[in-house]
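J.: One structure coming up, written as structure tokens, with questions to follow.
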Amino acid sequence: MSLLTRTRETTGESKTRSGLILKVPDGARILIVSEDDSDTERLKTILQKAGFVSECAKSVTAGCEAAKSGRFQVVVSTPLLRDGSWRRLTDIANHYDLGFEVILWARNFDLAEWVEALKEGVFDVLDALCELPRAVEDIKTALWAAYLKSAGPDPRASSPQKAS
């Protein structure tokens, strides 16, 4: 592991393609929705090392209820669980406008499914078998996208008056 990689992991910082440094904001919360305990623990461990606070749900129903609470900025889910699929999470994100992003953590997901997921509002699809190192970077980017979504203009604010 290079010194740069170790530094990023310990400080919770990463650089974007444009060279901007992204830090994990205080209070950032990640929800992991998965029935697979080994995947959940692996993901939770790397998120903890990167400075994220994460919680887990073992069903889509429990994940949806937790996501509706508004406590999470990013939800990482396996595509299909016994009680439903990722579509329920994206429906909640789109319907309730809670400002969270959904990332799918898939073992086998073909190109057509990947395109469909992105069209439905999923932020990204990661391969659980080989993209664990990329997961932290992708989650940080999704986190900032979620913050930008919720940082729009306040609809209660008055609009500026035109100069006469």
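Residue numbering restarts at 1 in every chain; chains get A, B, ... in the order shown in the structure tokens, and ligands count up from 1 in that same order.
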Please list as a PyMOL selection string every residue within 10 Å of Thr61 of chain A, counting only C-alpha atoms and excluding residues in the same chain fewer than 5 positions away.
T.: chain A and resi 33+66-67+81-85+88-89
J.: May I have the selected residues written with N, CA and C atoms, as an mmCIF file, in the first residue's frame?
T.:
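Written file, out-v3.cif:
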```
data_model
loop_
_atom_site.group_PDB
_atom_site.id
_atom_site.type_symbol
_atom_site.label_atom_id
_atom_site.label_comp_id
_atom_site.auth_asym_id
_atom_site.auth_seq_id
_atom_site.Cartn_x
_atom_site.Cartn_y
_atom_site.Cartn_z
ATOM 1 N N VAL A 33 -27.803 -2.331 3.102
ATOM 2 C CA VAL A 33 -28.944 -3.238 3.069
ATOM 3 C C VAL A 33 -28.489 -4.525 2.385
ATOM 4 N N ALA A 66 -35.720 2.482 7.437
ATOM 5 C CA ALA A 66 -34.573 3.259 7.908
ATOM 6 C C ALA A 66 -34.294 4.431 6.968
ATOM 7 N N ALA A 67 -34.381 4.204 5.664
ATOM 8 C CA ALA A 67 -34.125 5.267 4.684
ATOM 9 C C ALA A 67 -35.156 6.391 4.815
ATOM 10 N N LEU A 81 -33.159 -8.958 -2.494
ATOM 11 C CA LEU A 81 -33.237 -9.618 -1.197
ATOM 12 C C LEU A 81 -34.525 -10.425 -1.171
ATOM 13 N N ARG A 82 -34.714 -11.230 -0.143
ATOM 14 C CA ARG A 82 -35.899 -12.096 -0.089
ATOM 15 C C ARG A 82 -37.212 -11.326 -0.153
ATOM 16 N N ASP A 83 -37.247 -10.137 0.401
ATOM 17 C CA ASP A 83 -38.510 -9.401 0.470
ATOM 18 C C ASP A 83 -38.622 -8.249 -0.533
ATOM 19 N N GLY A 84 -37.741 -8.184 -1.500
ATOM 20 C CA GLY A 84 -37.866 -7.126 -2.502
ATOM 21 C C GLY A 84 -36.543 -6.789 -3.152
ATOM 22 N N SER A 85 -36.584 -5.730 -3.954
ATOM 23 C CA SER A 85 -35.385 -5.352 -4.703
ATOM 24 C C SER A 85 -35.041 -3.886 -4.475
ATOM 25 N N ARG A 88 -37.483 -0.596 -4.660
ATOM 26 C CA ARG A 88 -38.218 0.007 -3.543
ATOM 27 C C ARG A 88 -37.428 1.158 -2.928
ATOM 28 N N LEU A 89 -36.110 1.004 -2.850
ATOM 29 C CA LEU A 89 -35.278 2.070 -2.293
ATOM 30 C C LEU A 89 -35.252 3.290 -3.210
#
```
J.: Could you check how far atom CA of Val115 of chain A sits from atom CA of Ala142 of chain A, in Å to one decimal?
T.: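 Value for the atom CA of Val115 of chain A-atom CA of Ala142 of chain A distance: 17.5 Å.
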J.: Would you list, as JSON, numbers by chain, the residues of segment 50-160 of chain A that end up in strand (DSSP E) under DSSP run on this structure's backbone?
T.: {"A": [53, 54, 55, 56, 57, 74, 75, 76, 77, 80, 81, 84, 85, 101, 102, 103, 104, 105, 106, 124, 125, 126, 127]}
J.: Need the shell around segment 73-75 of chain A: protein/DNA/RNA residues with any atom at most 9 Å away, counting only C-alpha atoms. Skip same-chain ones fewer than 6 positions apart. Format as a PyMOL selection string?
T.: chain A and resi 28-33+63+67+89+98-104+139-140+142-144+146-147
J.: Quick one: of A:Lys49, A:Lys58, A:Arg87, A:Arg71, who's nearest to Leu118 of chain A, counting only C-alpha atoms?
T.: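 Going through A:Lys49, A:Lys58, A:Arg87, A:Arg71 one by one, the smallest distance to Leu118 of chain A is for A:Arg87.
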J.: I need the alpha helix (DSSP H) residues of segment 26-157 of chain A per DSSP on the backbone, written as JSON, numbers by chain.
T.: {"A": [37, 38, 39, 40, 41, 42, 43, 44, 45, 46, 47, 48, 49, 60, 61, 62, 63, 64, 65, 66, 67, 68, 86, 87, 88, 89, 90, 91, 92, 93, 94, 95, 96, 111, 112, 113, 114, 115, 116, 117, 118, 119, 132, 133, 134, 135, 136, 137, 138, 139, 140, 141, 142, 143, 144, 145, 146, 147, 148, 149, 150]}
J.: One decimal, Å: what's the distance from atom CA of Glu120 of chain A over to atom CA of Ala57 of chain A, could you say?
T.: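 It comes out at 21.9 Å.
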